[in-house]
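This report refers to the structure that appears directly beneath it.
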Amino acid sequence: MTGSDPVPVAAVCPRCSGSLVRIRRRVVDHIICLFTPVWRYRCSGDNGNVDCRWQGNFHDRAPGSGVTYQTAFGDMSFGDMAQITLNAIGDAVLVADPGGKVIYMNRVAETLTGWKSAEALGKCVEDVFYIVDGNTRERMISPSKRAMHQDRIVELELGSILIRHDGTDLAIEDSAAPILNRLGQIVGAVIVFHDARESRTVTEMMSHHAQHDILTDLPNRLLLMERLTQAIGMASRSHKPIALLFLDLDHFKDINDTFGHAIGDHLLRDVAADIVSCVRATDTVSRLGGDEFVILLTQIEESRDADHVAKKLLERVARSRVVDGHRLRVTLSIGISHYPENGLDAGALMENADAAMYCSKSEGRNKFQVSPGHLAMPFPARATADSCRRTAPTVKT
């Protein structure tokens, strides 16, 4: 019962003992009413004290007991304190009644949802708190309904998106809890939520760092093996070969020892950029660590396409370059394996490409070697030159 016109009541002002009149309840009073009958009054000023401007809440402690002033916070009523508190917290607060209608929103909830409290009150909570799955875009059940139905605190799934009043998206995190009265009965639910864009960004950054090399920002071994396994599955269905190129910088340790690790790191970043420029955007360039890189070529037309990439890499990397004022020259040794000729799984392909790379080193470096085409028969860990098939002459620079 909200009241319309002020109605005189048998109560007195706690400040001046003047007569009080009932006035329309505020939004926050509806939350209090979930627990106990509460009405809002103001001083009528009939006693001639025109300076009295008191407003506050009264409630019935028990049926027929009369009206009693709530003095839990001294001169400030419980409702006033609740309103101030709810607007002061940093999280958004939305309260729904047992029928799933919005009965309260604090200022943060207004900001995040894009709904003004006056517009949202009385509307279905799903219309105001419209949430979808961030991946499937399927609409999700309101957590307030779940909380009331299950009689427990529930949390929103990760990746949930709030569709604001203007149609824009907002990543949020939230929880909802049932509201119980003094008898333990469910009389509503409260949703507390906040903007999760920052935490989502942090999560994405952590995920990125877990799968990428810190120095070059290239995919690391973990992400490479994941993509290689996926590529093998696609290749088995499309019947198109894939190739793996294992790259190692020649005499990189000498450069590190002579010029220091700072120059060595700069050189590795420079070489990484050269490698990326020689392949397609759909291919994967990975740094395994140290001076080792691996390239995954997917959906190639024929096996010799990898040879062309290897030749381009040898020419590109072998060019003279200036790193922090030092003129340096570095070359590559490359080993190549193919699916399915050199293995049916990621481990075999990696082992064969690594072994072919060591064949290149044993034959003088600055060249590439292709693994022999023995199906699923990997090379030993350290192959000899005789066990490799030389496919290109040394690139002269």
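By convention in this document, the chains of the structure tokens carry letters A, B, ... by their order, each chain's residues are numbered from 1, and ligands are numbered from 1 in the order they are shown.
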
* Quick one: residues within 6 Å of region 108-125 of chain A, only C-alpha atoms counted, chain neighbours fewer than 6 positions away excluded, as a ChimeraX atom specification? -> /A:92-93,100-102,164-165

* **8 Å contact set for region 258-268 of chain A, only C-alpha atoms, chain neighbours under 6 positions out, as a PyMOL selection string** => chain A and resi 215-216+252+291+323-324

* Backbone DSSP call of alpha helix (DSSP H) for region 101-309 of chain A, listed as a PyMOL selection string -> chain A and resi 107-113+117-120+125-128+143-150+197-211+221-238+252-259+261-277+305-309

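One finds CA of Asn352 (chain A) at 18.3 Å from CA of Gly289 (chain A).
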
* To do: Apply DSSP to the structure's backbone, then extract all residues of region 82-324 of chain A labelled strand (DSSP E or B) and return them as number ranges by chain.
  => A: 92-96, 101-105, 124, 130-133, 139, 154-155, 160-163, 169-180, 186-195, 212, 219, 242-249, 284-289, 292-297, 321-323

* Asked: CA of Pro219 (chain A) and CA of Glu315 (chain A), how far apart in Å?
  ->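 Distance between the two atoms: 23.5 Å.
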
Can you check which parts of region 236-266 of chain A lie within 10 Å of region 364-368 of chain A? Per residue, the shortest pair of atoms and distance in Å to one decimal, counting only C-alpha atoms, sorted by chain and number, as JSON lines.
```
{"residue": "A:Leu245", "atom": "CA", "partner": "A:Phe368", "partner_atom": "CA", "distance": 9.1}
{"residue": "A:Phe246", "atom": "CA", "partner": "A:Phe368", "partner_atom": "CA", "distance": 9.4}
{"residue": "A:Leu247", "atom": "CA", "partner": "A:Phe368", "partner_atom": "CA", "distance": 9.0}
{"residue": "A:Asp248", "atom": "CA", "partner": "A:Arg365", "partner_atom": "CA", "distance": 9.6}
{"residue": "A:Leu249", "atom": "CA", "partner": "A:Asn366", "partner_atom": "CA", "distance": 8.9}
{"residue": "A:Asp250", "atom": "CA", "partner": "A:Arg365", "partner_atom": "CA", "distance": 6.8}
{"residue": "A:His251", "atom": "CA", "partner": "A:Arg365", "partner_atom": "CA", "distance": 9.5}
```

* In Å, how far is it from CA of Phe193 (chain A) to CA of Asn181 (chain A)? -> 22.7 Å

* Structure fact -> Using only C-alpha atoms, the residue out of A:Leu218, A:Val330, A:Ala196, A:Ala243 with shortest distance to Ile255 (chain A) is A:Val330

* Given the choices A:His326, A:Tyr339, A:Ala273, A:Glu292, which gets closest to Asp354 (chain A) if the distance is worked out from only C-alpha atoms? ->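 With only C-alpha atoms as the atom set, the closest residue is A:Glu292.
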
* To do: Select, from A:Arg221, A:Arg321, A:Lys240, A:Arg269, the residue with the minimum atom-to-atom distance to Glu302 (chain A), counting only C-alpha atoms.
  =>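 Of A:Arg221, A:Arg321, A:Lys240, A:Arg269, the one nearest Glu302 (chain A), counting only C-alpha atoms, is A:Lys240.
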
* Excluding same-chain residues fewer than 5 positions from region 95-99 of chain A, what lies within 10 Å of it counting only C-alpha atoms, as a PyMOL selection string? -> chain A and resi 28+30-31+34+104-106+121-125+144-145+148-149+176-179+186-192

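Closest approach to Arg227 (chain A) among A:Glu157, A:Asp345, A:Glu126, A:Asp305: A:Asp345, based on only C-alpha atoms.
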
* So which one's closest to Ser236 (chain A), A:Leu344, A:Ile103, A:Leu314, A:Ala210? Using only C-alpha atoms, please. ->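 Residue with the minimum atom-to-atom distance to Ser236 (chain A): A:Leu344.
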